[in-house]
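Undergrad: Contents of input-v4.cif (mmCIF, C-alpha atoms) are given next:
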data_model
loop_
_atom_site.label_atom_id
_atom_site.label_comp_id
_atom_site.auth_asym_id
_atom_site.auth_seq_id
_atom_site.Cartn_x
_atom_site.Cartn_y
_atom_site.Cartn_z
CA MET V 1 -17.56 23.22 85.97
CA ALA V 2 -19.51 26.45 85.67
CA LYS V 3 -17.82 29.40 87.30
CA MET V 4 -19.41 30.95 90.35
CA VAL V 5 -21.92 33.62 89.36
CA GLU V 6 -22.93 36.69 91.33
CA PRO V 7 -25.23 36.09 94.26
CA LEU V 8 -28.79 36.02 93.16
CA GLY V 9 -30.80 39.09 92.39
CA GLY V 10 -29.29 40.45 89.24
CA ILE V 11 -29.64 37.21 87.39
CA ILE V 12 -33.33 36.90 86.85
CA GLN V 13 -34.80 39.66 84.75
CA PHE V 14 -38.33 40.52 85.70
CA GLY V 15 -40.72 41.70 83.03
CA ASP V 16 -42.20 45.16 83.66
CA ARG V 17 -45.87 44.39 83.55
CA VAL V 18 -45.88 41.04 85.21
CA GLN V 19 -46.38 40.71 88.93
CA PRO V 20 -43.01 39.81 90.42
CA GLU V 21 -44.41 37.03 92.64
CA GLN V 22 -46.04 35.28 89.74
CA ARG V 23 -43.18 35.88 87.41
CA ARG V 24 -40.58 34.72 89.82
CA ASP V 25 -41.91 31.21 90.14
CA ASP V 26 -42.27 31.00 86.36
CA ASP V 27 -38.59 31.79 86.11
CA TRP V 28 -37.56 29.09 88.54
CA SER V 29 -39.71 26.65 86.59
CA ARG V 30 -38.00 27.65 83.36
CA LEU V 31 -34.59 27.15 84.93
CA LEU V 32 -35.64 23.72 86.18
CA VAL V 33 -36.72 22.76 82.66
CA LEU V 34 -33.31 23.90 81.36
CA VAL V 35 -31.60 21.74 83.95
CA GLY V 36 -33.82 18.79 83.06
CA ASP V 37 -33.59 19.05 79.28
CA LYS V 38 -30.12 20.46 78.73
CA ARG V 39 -28.33 19.60 81.99
CA ASP V 40 -27.59 23.34 82.11
CA ARG V 41 -25.16 23.97 84.97
CA ARG V 42 -25.52 27.73 84.95
CA ALA V 43 -29.27 27.40 85.35
CA PHE V 44 -28.68 24.90 88.14
CA GLU V 45 -26.32 27.28 89.88
CA GLN V 46 -29.02 29.95 89.90
CA LEU V 47 -31.52 27.46 91.29
CA PHE V 48 -29.02 26.48 93.97
CA GLY V 49 -28.44 30.13 94.86
CA HIS V 50 -32.18 30.57 95.35
CA TYR V 51 -33.34 27.31 96.90
CA ALA V 52 -30.38 26.25 99.05
CA PRO V 53 -30.83 29.16 101.52
CA LEU V 54 -34.62 28.64 101.52
CA ILE V 55 -34.27 24.92 102.25
CA LYS V 56 -31.97 25.77 105.12
CA GLY V 57 -34.30 28.53 106.30
CA PHE V 58 -37.30 26.20 106.16
CA HIS V 59 -35.59 23.97 108.72
CA TYR V 60 -33.96 26.71 110.72
CA SER V 61 -36.87 27.17 113.08
CA ARG V 62 -37.28 23.48 113.69
CA ASN V 63 -36.65 22.79 117.32
CA THR V 64 -36.07 19.11 116.82
CA GLN V 65 -32.75 17.55 117.60
CA ALA V 66 -33.00 15.59 114.40
CA LEU V 67 -31.85 18.57 112.43
CA ALA V 68 -28.77 20.24 113.86
CA PRO V 69 -27.14 22.92 111.67
CA GLU V 70 -24.77 20.35 110.14
CA ALA V 71 -27.75 18.16 109.37
CA ALA V 72 -29.45 21.12 107.67
CA ASP V 73 -26.38 21.59 105.46
CA GLU V 74 -26.37 17.89 104.67
CA LEU V 75 -30.05 18.07 103.82
CA VAL V 76 -29.45 21.01 101.47
CA GLN V 77 -26.78 19.01 99.62
CA GLU V 78 -28.97 15.94 99.37
CA VAL V 79 -32.08 17.86 98.23
CA MET V 80 -30.19 19.76 95.54
CA PHE V 81 -28.48 16.55 94.42
CA ARG V 82 -31.91 14.98 93.91
CA VAL V 83 -33.19 18.14 92.21
CA TRP V 84 -30.39 17.75 89.64
CA ARG V 85 -31.12 14.05 89.22
CA LYS V 86 -34.88 14.33 88.97
CA ALA V 87 -35.10 17.56 86.97
CA PRO V 88 -35.82 15.63 83.72
CA SER V 89 -39.13 14.52 85.25
CA PHE V 90 -40.22 18.06 86.22
CA ASP V 91 -43.34 19.17 84.34
CA PRO V 92 -44.07 22.90 84.76
CA HIS V 93 -47.69 22.36 83.72
CA LYS V 94 -48.37 20.11 86.68
CA ALA V 95 -46.52 21.70 89.56
CA SER V 96 -44.74 24.92 90.34
CA ALA V 97 -41.01 24.89 91.00
CA ASN V 98 -41.61 25.74 94.68
CA THR V 99 -43.99 22.85 95.21
CA TRP V 100 -41.84 20.42 93.25
CA VAL V 101 -38.73 21.31 95.26
CA TYR V 102 -40.79 21.09 98.45
CA THR V 103 -41.83 17.50 97.68
CA ILE V 104 -38.22 16.48 96.99
CA MET V 105 -37.14 18.12 100.23
CA ARG V 106 -39.91 16.37 102.18
CA ASN V 107 -38.89 12.98 100.80
CA CYS V 108 -35.24 13.63 101.69
CA ARG V 109 -36.30 14.52 105.20
CA ILE V 110 -38.30 11.29 105.51
CA ASP V 111 -35.20 9.33 104.47
CA LEU V 112 -33.13 11.25 106.99
CA MET V 113 -35.60 10.55 109.80
CA ARG V 114 -35.78 6.88 108.87
CA ARG V 115 -32.03 6.58 109.23
CA GLY V 116 -32.42 7.43 112.91
CA SER V 117 -35.43 5.21 113.61
CA ARG V 118 -35.33 1.86 115.38
CA HIS V 119 -38.49 0.74 113.66
CA VAL V 120 -36.94 0.69 110.21
CA THR V 121 -36.25 -2.65 108.57
CA ASP V 122 -34.89 -3.43 105.09
CA SER V 123 -37.32 -1.73 102.81
CA GLU V 124 -39.33 -3.31 100.03
CA VAL V 125 -40.47 0.12 98.85
CA ASP V 126 -38.69 3.47 98.68
CA VAL V 127 -39.75 6.86 99.89
CA ASP V 128 -40.34 7.80 96.24
CA ASP V 129 -42.83 4.94 95.90
CA ILE V 130 -44.91 5.96 98.89
CA TRP V 131 -44.57 9.69 98.24
CA ASP V 132 -44.56 9.49 94.45
CA GLU V 133 -45.09 12.92 92.94
CA SER V 134 -43.89 12.04 89.45
CA ALA V 135 -45.61 14.14 86.83
CA ASP V 136 -47.23 11.17 85.10
CA ASN V 137 -49.02 10.47 88.33
CA GLN V 138 -50.81 13.84 88.42
CA PRO V 139 -54.27 14.40 87.06
CA LEU V 140 -54.53 16.82 84.15
CA ILE V 141 -57.12 18.89 85.95
CA ASN V 142 -54.45 20.94 87.62
CA LEU V 143 -53.43 23.33 84.91
CA GLN V 144 -54.44 26.05 87.34
CA GLN V 145 -51.99 24.83 89.88
CA ARG V 146 -49.71 27.83 89.79
CA ARG V 147 -52.53 30.30 90.11
CA ASN V 148 -53.85 28.20 92.97
CA GLU V 149 -50.54 28.53 94.71
CA SER V 150 -50.54 32.28 94.70
CA GLU V 151 -54.02 32.04 96.24
CA ILE V 152 -52.68 29.66 98.88
CA ALA V 153 -49.83 32.07 99.60
CA GLU V 154 -52.30 34.92 100.08
CA GLY V 155 -54.62 32.70 102.11
CA ILE V 156 -51.89 31.65 104.53
CA LYS V 157 -51.20 35.29 105.35
CA THR V 158 -54.79 35.83 106.41
CA LEU V 159 -55.12 32.77 108.67
CA PRO V 160 -55.62 33.39 112.40
CA ALA V 161 -52.35 32.92 114.30
CA ASP V 162 -53.39 29.68 116.04
CA GLN V 163 -54.23 28.09 112.68
CA SER V 164 -51.09 29.13 110.83
CA HIS V 165 -49.11 28.05 113.88
CA VAL V 166 -50.24 24.43 113.54
CA LEU V 167 -49.50 24.48 109.80
CA HIS V 168 -45.96 25.70 110.54
CA LYS V 169 -45.46 23.02 113.16
CA ALA V 170 -46.71 20.29 110.84
CA TYR V 171 -44.81 21.27 107.72
CA MET V 172 -41.72 23.05 109.01
CA GLU V 173 -41.07 21.35 112.32
CA GLY V 174 -42.24 18.03 110.93
CA LYS V 175 -44.56 17.20 113.81
CA SER V 176 -47.57 14.95 113.77
CA HIS V 177 -50.85 16.30 115.11
CA SER V 178 -50.47 14.32 118.32
CA GLU V 179 -46.95 15.67 118.84
CA ILE V 180 -48.26 19.20 118.33
CA ALA V 181 -51.08 18.55 120.80
CA GLN V 182 -48.62 17.28 123.37
CA GLU V 183 -46.28 20.21 122.89
CA LEU V 184 -48.99 22.87 123.11
CA GLY V 185 -50.83 21.09 125.92
CA LEU V 186 -54.00 20.90 123.85
CA PRO V 187 -56.42 18.04 123.23
CA LEU V 188 -55.71 16.27 119.91
CA GLY V 189 -59.21 17.22 118.73
CA THR V 190 -58.39 20.92 119.09
CA VAL V 191 -55.27 20.61 116.94
CA LYS V 192 -57.20 18.66 114.33
CA SER V 193 -60.00 21.19 114.24
CA ARG V 194 -57.50 24.04 113.78
CA VAL V 195 -56.03 22.14 110.85
CA ARG V 196 -59.49 21.57 109.41
CA LEU V 197 -60.44 25.23 109.79
CA ALA V 198 -57.20 26.37 108.16
CA LEU V 199 -57.75 24.05 105.20
CA LYS V 200 -61.35 25.15 104.86
CA LYS V 201 -60.26 28.78 104.66
CA LEU V 202 -57.57 28.03 102.10
CA GLN V 203 -59.95 25.95 100.04
CA THR V 204 -62.59 28.67 100.07
CA ALA V 205 -59.93 31.00 98.69
CA LEU V 206 -59.19 28.46 95.96
CA LYS V 207 -62.84 27.98 95.06
CA ARG V 208 -63.29 31.72 94.59
CA VAL V 209 -60.76 31.81 91.76
CA GLU V 210 -62.00 28.69 90.01
CA MET R 1 -67.48 5.96 93.03
CA ILE R 2 -65.29 6.07 96.11
CA ARG R 3 -67.30 7.11 99.14
CA HIS R 4 -64.90 6.69 102.04
CA HIS R 5 -61.80 8.86 102.16
CA PRO R 6 -58.97 9.60 104.59
CA GLU R 7 -59.68 12.60 106.80
CA LYS R 8 -58.22 15.88 105.60
CA GLU R 9 -55.96 16.04 108.64
CA MET R 10 -54.49 12.68 107.67
CA LEU R 11 -53.91 13.89 104.12
CA LEU R 12 -52.11 16.90 105.56
CA GLU R 13 -49.85 14.74 107.71
CA TYR R 14 -49.09 12.69 104.62
CA ALA R 15 -48.23 15.78 102.53
CA ALA R 16 -46.14 17.16 105.40
CA GLY R 17 -44.30 13.84 105.63
CA THR R 18 -45.18 13.19 109.28
CA LEU R 19 -47.64 10.34 108.78
CA PRO R 20 -46.01 6.99 109.64
CA TRP R 21 -44.56 4.99 106.75
CA ALA R 22 -47.11 2.15 106.75
CA GLN R 23 -50.14 4.43 107.03
CA SER R 24 -48.69 6.61 104.27
CA LEU R 25 -48.52 3.55 102.07
CA ALA R 26 -52.26 3.02 102.50
CA VAL R 27 -52.96 6.72 101.84
CA LYS R 28 -50.84 6.54 98.69
CA ALA R 29 -52.78 3.49 97.48
CA HIS R 30 -56.00 5.44 98.01
CA LEU R 31 -54.68 8.54 96.16
CA GLU R 32 -53.87 6.40 93.16
CA MET R 33 -57.51 5.35 92.98
CA CYS R 34 -59.12 8.65 94.01
CA PRO R 35 -58.61 11.73 91.79
CA ALA R 36 -60.45 13.98 94.29
CA CYS R 37 -58.03 13.18 97.12
CA GLN R 38 -55.09 13.35 94.71
CA GLN R 39 -56.12 16.88 93.83
CA GLN R 40 -56.40 17.79 97.50
CA HIS R 41 -53.00 16.27 98.05
CA GLN R 42 -51.52 18.57 95.41
CA GLN R 43 -53.04 21.57 97.15
CA LEU R 44 -51.51 20.38 100.41
CA ASN R 45 -48.15 20.08 98.66
CA GLY R 46 -48.81 23.63 97.46
CA ILE R 47 -48.94 24.76 101.11
CA GLY R 48 -45.50 23.19 101.56
CA GLY R 49 -44.23 24.96 98.45
CA THR R 50 -45.59 28.26 99.70
CA LEU R 51 -44.03 27.82 103.15
CA LEU R 52 -40.71 27.00 101.49
CA ASP R 53 -40.99 30.13 99.36
CA ASN R 54 -41.82 32.22 102.45
CA SER R 55 -38.92 30.87 104.54
CA ASP R 56 -36.25 33.19 105.88
CA PRO R 57 -33.22 32.37 103.75
CA GLN R 58 -30.22 31.18 105.78
CA PRO R 59 -26.71 31.55 104.34
CA VAL R 60 -25.13 28.46 102.85
CA ALA R 61 -21.35 28.03 102.73
CA GLY R 62 -19.74 29.51 99.60
CA THR R 63 -18.14 26.16 98.77
CA ALA R 64 -21.42 24.25 98.96
CA PHE R 65 -22.24 24.52 95.27
CA ASP R 66 -18.80 23.34 94.12
CA GLN R 67 -18.95 20.45 96.55
CA LEU R 68 -22.31 19.47 95.14
CA MET R 69 -21.11 19.62 91.54
CA GLN R 70 -18.15 17.42 92.41
CA ARG R 71 -20.51 14.90 93.91
CA ILE R 72 -22.74 15.08 90.83
CA ASP R 73 -19.74 14.55 88.52
CA ARG R 74 -18.62 11.55 90.53
CA ALA R 75 -22.12 10.09 90.49
CA ASP R 76 -22.48 10.72 86.75
CA GLN R 77 -19.32 8.74 86.11
CA ASP R 78 -20.76 5.82 88.02
CA SER R 79 -24.14 5.74 86.35
CA SER R 80 -26.09 7.60 83.74
CA PRO R 81 -28.66 10.06 85.13
CA GLU R 82 -31.43 8.28 83.26
CA GLN R 83 -31.02 5.29 85.52
CA ASP R 84 -31.87 7.45 88.42
CA LEU R 85 -35.17 8.86 87.27
CA PRO R 86 -37.72 8.49 90.01
CA ASN R 87 -39.52 5.23 90.21
CA ASN R 88 -38.49 3.61 87.01
CA ASP R 89 -39.50 0.27 88.38
CA ALA R 90 -42.68 1.58 89.95
CA ARG R 91 -43.72 2.82 86.54
CA GLN R 92 -43.74 -0.61 85.06
CA PRO R 93 -47.19 -1.81 84.15
CA ARG R 94 -49.05 -3.45 86.92
CA SER R 95 -48.51 -6.79 85.21
CA ASN R 96 -45.05 -7.08 86.78
CA ASN R 97 -46.81 -9.15 89.37
CA PRO R 98 -46.09 -12.75 88.36
CA SER R 99 -49.28 -13.96 89.95
CA THR R 100 -52.29 -14.80 87.80
CA ASP R 101 -54.50 -14.27 90.82
CA PRO R 102 -57.44 -12.13 89.58
CA ALA R 103 -57.71 -10.30 92.91
CA LEU R 104 -54.13 -9.09 92.45
CA ALA R 105 -54.43 -8.32 88.74
CA SER R 106 -55.00 -4.59 89.01
CA LEU R 107 -53.39 -3.05 92.06
CA PRO R 108 -52.31 0.54 92.75
CA ARG R 109 -48.66 0.60 91.72
CA VAL R 110 -47.28 1.15 95.20
CA VAL R 111 -49.09 -2.02 96.30
CA GLY R 112 -48.05 -3.84 93.12
CA LYS R 113 -44.43 -3.04 93.85
CA LEU R 114 -44.81 -4.25 97.40
CA VAL R 115 -46.24 -7.55 96.16
CA ALA R 116 -43.50 -7.98 93.56
CA LYS R 117 -40.77 -7.27 96.13
CA ASN R 118 -42.28 -9.49 98.81
CA GLY R 119 -41.98 -12.52 96.52
CA PRO R 120 -44.52 -15.36 96.40
CA LEU R 121 -47.28 -14.65 98.89
CA LYS R 122 -47.95 -17.28 101.50
CA TRP R 123 -51.63 -17.17 102.44
CA ARG R 124 -52.66 -18.34 105.85
CA ARG R 125 -56.22 -19.51 106.49
CA VAL R 126 -57.66 -17.61 109.46
CA SER R 127 -61.16 -19.04 109.17
CA PRO R 128 -63.09 -20.83 106.40
CA ALA R 129 -64.00 -17.47 104.84
CA LEU R 130 -60.83 -15.49 105.53
CA LYS R 131 -57.19 -15.75 104.43
CA MET R 132 -54.38 -13.35 105.17
CA THR R 133 -50.74 -12.73 104.36
CA ARG R 134 -48.36 -10.27 105.99
CA LEU R 135 -46.36 -7.88 103.85
CA LYS R 136 -42.89 -6.57 104.62
CA THR R 137 -42.82 -2.82 104.13
CA GLY R 138 -39.62 -1.57 105.73
CA GLN R 139 -40.85 -0.88 109.26
CA ASP R 140 -42.05 -2.91 112.24
CA LYS R 141 -44.30 -0.49 114.05
CA TYR R 142 -47.39 -1.38 112.04
CA GLU R 143 -48.53 -4.71 110.74
CA VAL R 144 -49.36 -4.49 107.05
CA ALA R 145 -51.31 -7.37 105.50
CA PHE R 146 -53.68 -8.47 102.79
CA HIS R 147 -56.95 -9.96 103.93
CA ARG R 148 -59.17 -11.77 101.48
CA ILE R 149 -62.71 -12.87 102.13
CA CYS R 150 -64.24 -15.50 99.83
CA ARG R 151 -67.46 -14.76 97.91
CA GLY R 152 -70.26 -14.16 100.34
CA GLY R 153 -67.87 -15.02 103.16
CA ARG R 154 -68.69 -13.97 106.71
CA THR R 155 -65.78 -13.23 108.99
CA ALA R 156 -65.88 -13.53 112.74
CA GLU R 157 -66.79 -10.44 114.70
CA HIS R 158 -63.55 -8.86 115.83
CA ASP R 159 -62.09 -5.96 117.77
CA HIS R 160 -58.80 -4.17 117.14
CA ARG R 161 -55.86 -3.89 119.46
CA GLY R 162 -54.83 -0.69 117.77
CA GLN R 163 -56.15 1.64 115.13
CA GLU R 164 -56.69 -0.17 111.85
CA ILE R 165 -56.77 1.22 108.33
CA ILE R 166 -58.56 -0.85 105.70
CA MET R 167 -58.30 -0.14 101.97
CA VAL R 168 -60.52 -2.16 99.65
CA LEU R 169 -58.52 -3.25 96.58
CA HIS R 170 -60.83 -5.71 94.87
CA GLY R 171 -64.43 -6.85 95.32
CA ALA R 172 -66.60 -5.40 98.04
CA PHE R 173 -67.68 -6.02 101.61
CA SER R 174 -70.19 -4.65 104.07
CA ASP R 175 -70.50 -4.43 107.82
CA ALA R 176 -73.04 -2.92 110.18
CA ASP R 177 -71.86 0.60 109.25
CA GLY R 178 -71.81 0.46 105.48
CA PHE R 179 -70.87 -0.99 102.13
CA TYR R 180 -67.32 -0.65 100.82
CA ARG R 181 -65.91 -0.86 97.31
CA PRO R 182 -62.46 -0.63 95.70
CA GLY R 183 -60.66 2.53 96.73
CA ASP R 184 -62.68 2.99 99.92
CA PHE R 185 -60.51 3.90 102.90
CA LEU R 186 -61.70 3.12 106.43
CA VAL R 187 -60.29 3.74 109.85
CA ARG R 188 -61.40 1.56 112.76
CA ASN R 189 -60.40 2.46 116.29
CA PRO R 190 -59.84 0.06 119.18
CA GLY R 191 -63.14 -0.95 120.68
CA GLU R 192 -65.01 -0.63 117.38
CA VAL R 193 -66.16 -4.17 116.82
CA HIS R 194 -67.07 -5.14 113.28
CA ARG R 195 -67.89 -8.14 111.15
CA PRO R 196 -67.10 -7.76 107.45
CA ILE R 197 -69.12 -9.80 104.96
CA ALA R 198 -68.04 -10.06 101.31
CA THR R 199 -70.58 -9.65 98.52
CA GLU R 200 -71.84 -12.76 96.71
CA ASP R 201 -70.48 -11.94 93.25
CA GLN R 202 -66.72 -12.00 93.91
CA GLU R 203 -64.14 -12.39 96.63
CA CYS R 204 -62.86 -9.31 98.41
CA LEU R 205 -59.23 -8.24 98.86
CA CYS R 206 -58.23 -5.55 101.37
CA LEU R 207 -55.00 -3.98 102.48
CA SER R 208 -54.87 -3.48 106.23
CA VAL R 209 -52.50 -1.50 108.41
CA VAL R 210 -52.73 -2.10 112.16
CA GLU R 211 -50.78 -0.48 114.93
CA ALA R 212 -48.62 -3.16 116.54
CA PRO R 213 -49.44 -3.92 120.16
CA VAL R 214 -47.48 -1.74 122.55
CA SER R 215 -48.76 -2.92 125.90
CA VAL R 216 -46.19 -4.62 128.14
CA THR R 217 -48.56 -7.52 128.58
CA GLY R 218 -48.79 -8.16 124.83
CA VAL R 219 -47.08 -11.14 123.29
CA LEU R 220 -44.51 -8.86 121.74
CA GLY R 221 -44.42 -6.57 124.74
CA TRP R 222 -40.91 -7.40 125.81
CA LEU R 223 -39.73 -6.77 122.26
CA VAL R 224 -41.62 -3.64 121.53
CA ASN R 225 -41.54 -1.88 124.83
CA PRO R 226 -37.84 -0.86 124.89
CA PHE R 227 -38.48 1.08 121.70
CA LEU R 228 -41.36 3.13 123.03
CA GLY R 229 -40.68 6.80 122.71
CA PHE R 230 -38.84 6.59 119.43
CA ARG R 231 -40.37 8.01 116.31
CA PRO R 232 -42.34 5.58 114.21
CA GLY R 233 -40.76 4.67 110.89
#
Spell out the structure here as structure tokens.

TA:
Amino acid sequence: MAKMVEPLGGIIQFGDRVQPEQRRDDDWSRLLVLVGDKRDRRAFEQLFGHYAPLIKGFHYSRNTQALAPEAADELVQEVMFRVWRKAPSFDPHKASANTWVYTIMRNCRIDLMRRGSRHVTDSEVDVDDIWDESADNQPLINLQQRRNESEIAEGIKTLPADQSHVLHKAYMEGKSHSEIAQELGLPLGTVKSRVRLALKKLQTALKRVE
Amino acid sequence: MIRHHPEKEMLLEYAAGTLPWAQSLAVKAHLEMCPACQQQHQQLNGIGGTLLDNSDPQPVAGTAFDQLMQRIDRADQDSSPEQDLPNNDARQPRSNNPSTDPALASLPRVVGKLVAKNGPLKWRRVSPALKMTRLKTGQDKYEVAFHRICRGGRTAEHDHRGQEIIMVLHGAFSDADGFYRPGDFLVRNPGEVHRPIATEDQECLCLSVVEAPVSVTGVLGWLVNPFLGFRPG
């Protein structure tokens, strides 16, 4: 068992000339590769120190009863367990660490929601079949993925409030467009058009760098 | 060339994990056949990754990491980590389908797995030109089925009780609105009447996902109605 290291911050050394944002994700990717290839527990502890609070924070604002604080802690444990298990399949050329962890977290959440649903029957396929993000399933065209993501991050900051609001509700609160429409008292078409506009803006930002 | 794609909003719901299980299965089948949508999907995952990165970190109990490592050690004793790599069985070649049926020879792997797990398919004749078989998928809110139309077959004009997704897997068909080939993804809403006709050269196989009837007067009404208001699977 690796001994507890200092809380994060001092662990990752940033290069001087590299932009911290860019560099940071590279470092998480490198740690993930170490966990995958070498089963490196110290690297995994650093990843845990970084991602566990973010995973919890991601769900903190969710005002759904499905995710009480205890459930958020359970989700953190389950996501990080799967991160350890699946790390050998992580390919840093095809996805960034943030996006890869996000997809694992999303799949965990789907499993968690299914546990509480009356419409679930014995499954012939798993969540990882329907939401299969394994690296061998990704086209090679996405070598620019990481650069794209910093563009997406910038783009999200510049979205009008009503557009970023629907993105937050969809991704972070886990609501479908019709649930968002109901909650905000808007026609479904309005929610959909906000989503479309947001995506158009983000994709214009992506096209500019390509 | 695939010409009919899921709407962007549907791709976003899929990437956010809020699209119902059965519809997600159809979207996944489309992504496997459509590199353009797959690329979009990765960008949509990128939004999720960015939002995760931008989250306000919330403190996690100091013992959480040790607890996790204990669980990992226990699990490692029970099985080797290699056995747990994602989708080992889904990665098997598509030939794991025992059938020699040419229409089922080359399926997207999520559909191939579904077929393999469902066991021998029992086809039911709906009309001289149309056969269908239901597929178990792990939920009962949507009816998921294969429909196959024989060469040049004309199906009866029909309406939909609920929204229907149709994914062409093999062959081609046309209706009054267009011509559809493998990979094409269509959504038909209630009230949109159509009459698919298969092309002359080969039979046509489609995956369909239809919202189950939820009206109290429906045949299944008494079964389905008590569950209204719960999240779909």

Undergrad: Return the neighbours of chain R among the residues of chain V, cut-off 7 Å, counting all atoms listed in the file, as a PyMOL selection string.

TA: chain V and resi 52-58+77+81+85-86+98-99+102-103+106+110+114+117+119-125+128-130+139+149+152-153+170-171+174-176+192+195-196

Undergrad: Can you pull out the residues contacting segment 145-162 of chain R? Cut-off 6 Å, using only C-alpha atoms, and skip same-chain residues under 3 positions away; I want them as an MDAnalysis selection string.

TA: chainID R and resid 129:135 190:191 193:200 202:208 211

Undergrad: Suppose a student applies the PyMOL selection byres ((chain V and resi 198) around 12) to this structure; what residues should they get, written as a PyMOL selection string?

TA: (chain V and resi 152+155-168+191-197+199-205) or (chain R and resi 8-9+12+44+47)

Undergrad: With C-alpha atoms retained, write the just-selected residues as a PDB file, in the frame of the given file.

TA:
ATOM      1  CA  ILE V 152     -52.680  29.660  98.880  1.00  0.00           C
ATOM      2  CA  GLY V 155     -54.620  32.700 102.110  1.00  0.00           C
ATOM      3  CA  ILE V 156     -51.890  31.650 104.530  1.00  0.00           C
ATOM      4  CA  LYS V 157     -51.200  35.290 105.350  1.00  0.00           C
ATOM      5  CA  THR V 158     -54.790  35.830 106.410  1.00  0.00           C
ATOM      6  CA  LEU V 159     -55.120  32.770 108.670  1.00  0.00           C
ATOM      7  CA  PRO V 160     -55.620  33.390 112.400  1.00  0.00           C
ATOM      8  CA  ALA V 161     -52.350  32.920 114.300  1.00  0.00           C
ATOM      9  CA  ASP V 162     -53.390  29.680 116.040  1.00  0.00           C
ATOM     10  CA  GLN V 163     -54.230  28.090 112.680  1.00  0.00           C
ATOM     11  CA  SER V 164     -51.090  29.130 110.830  1.00  0.00           C
ATOM     12  CA  HIS V 165     -49.110  28.050 113.880  1.00  0.00           C
ATOM     13  CA  VAL V 166     -50.240  24.430 113.540  1.00  0.00           C
ATOM     14  CA  LEU V 167     -49.500  24.480 109.800  1.00  0.00           C
ATOM     15  CA  HIS V 168     -45.960  25.700 110.540  1.00  0.00           C
ATOM     16  CA  VAL V 191     -55.270  20.610 116.940  1.00  0.00           C
ATOM     17  CA  LYS V 192     -57.200  18.660 114.330  1.00  0.00           C
ATOM     18  CA  SER V 193     -60.000  21.190 114.240  1.00  0.00           C
ATOM     19  CA  ARG V 194     -57.500  24.040 113.780  1.00  0.00           C
ATOM     20  CA  VAL V 195     -56.030  22.140 110.850  1.00  0.00           C
ATOM     21  CA  ARG V 196     -59.490  21.570 109.410  1.00  0.00           C
ATOM     22  CA  LEU V 197     -60.440  25.230 109.790  1.00  0.00           C
ATOM     23  CA  LEU V 199     -57.750  24.050 105.200  1.00  0.00           C
ATOM     24  CA  LYS V 200     -61.350  25.150 104.860  1.00  0.00           C
ATOM     25  CA  LYS V 201     -60.260  28.780 104.660  1.00  0.00           C
ATOM     26  CA  LEU V 202     -57.570  28.030 102.100  1.00  0.00           C
ATOM     27  CA  GLN V 203     -59.950  25.950 100.040  1.00  0.00           C
ATOM     28  CA  THR V 204     -62.590  28.670 100.070  1.00  0.00           C
ATOM     29  CA  ALA V 205     -59.930  31.000  98.690  1.00  0.00           C
TER      30      ALA V 205
ATOM     31  CA  LYS R   8     -58.220  15.880 105.600  1.00  0.00           C
ATOM     32  CA  GLU R   9     -55.960  16.040 108.640  1.00  0.00           C
ATOM     33  CA  LEU R  12     -52.110  16.900 105.560  1.00  0.00           C
ATOM     34  CA  LEU R  44     -51.510  20.380 100.410  1.00  0.00           C
ATOM     35  CA  ILE R  47     -48.940  24.760 101.110  1.00  0.00           C
TER      36      ILE R  47
END

Undergrad: Could you please determine the separation between atom CA of Glu45 of chain V and atom CA of Trp84 of chain V in Å, to one decimal place?

TA: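 Calculated distance between atom CA of Glu45 of chain V and atom CA of Trp84 of chain V is 10.4 Å.
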
Undergrad: Using all atoms listed in the file, which of R:Met33, R:Ile166, R:Val144, R:Ala172 sits nearest Ser106 of chain R?

TA: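 That would be R:Met33, the residue with the smallest distance to Ser106 of chain R.
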
Undergrad: Name all residues at most 9 Å from Ala43 of chain V (count all atoms listed in the file; drop same-chain ones fewer than 5 positions away) and give them as a ChimeraX atom specification.

TA: /V:30-32,34-35,48

Undergrad: Pull C-alpha atoms from the residues just selected and write them as a PDB file, in the frame of the given file.

TA:
ATOM      1  CA  ARG V  30     -38.000  27.650  83.360  1.00  0.00           C
ATOM      2  CA  LEU V  31     -34.590  27.150  84.930  1.00  0.00           C
ATOM      3  CA  LEU V  32     -35.640  23.720  86.180  1.00  0.00           C
ATOM      4  CA  LEU V  34     -33.310  23.900  81.360  1.00  0.00           C
ATOM      5  CA  VAL V  35     -31.600  21.740  83.950  1.00  0.00           C
ATOM      6  CA  PHE V  48     -29.020  26.480  93.970  1.00  0.00           C
TER       7      PHE V  48
END

Undergrad: Would you pick out the contacts of Val33 of chain V at 10 Å or less, using only C-alpha atoms, so that residues sharing its chain but fewer than 5 positions from it are not included, and give the list as a ChimeraX atom specification?

TA: /V:27-28,38-40,43-44,87-92,97

Undergrad: Please, what distance in Å, to one decimal, runs between atom CA of Gly36 of chain V and atom CA of Asn107 of chain V?

TA: 19.3 Å

Undergrad: What is the distance, in Å and to one decimal place, between atom CA of Arg125 of chain R and atom CA of Glu143 of chain R?

TA: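 If I compute the distance from atom CA of Arg125 of chain R to atom CA of Glu143 of chain R, I get 17.2 Å.
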
Undergrad: How big is the axis-aligned box around all listed atoms of segment 164-178 of chain V once 8 Å goes on each side, and where's its centre, in Å to one decimal, as JSON?

TA:
{"center_x": -46.1, "center_y": 21.7, "center_z": 113.0, "size_x": 26.0, "size_y": 30.8, "size_z": 26.6}

Undergrad: Taking (-57.7, 1.6, 110.0) in the file's own coordinates, collect the residues within 8 Å, counting only C-alpha atoms, and hand them back as JSON, numbers by chain.

TA: {"R": [163, 164, 165, 166, 185, 186, 187, 188, 189, 208, 209, 210]}
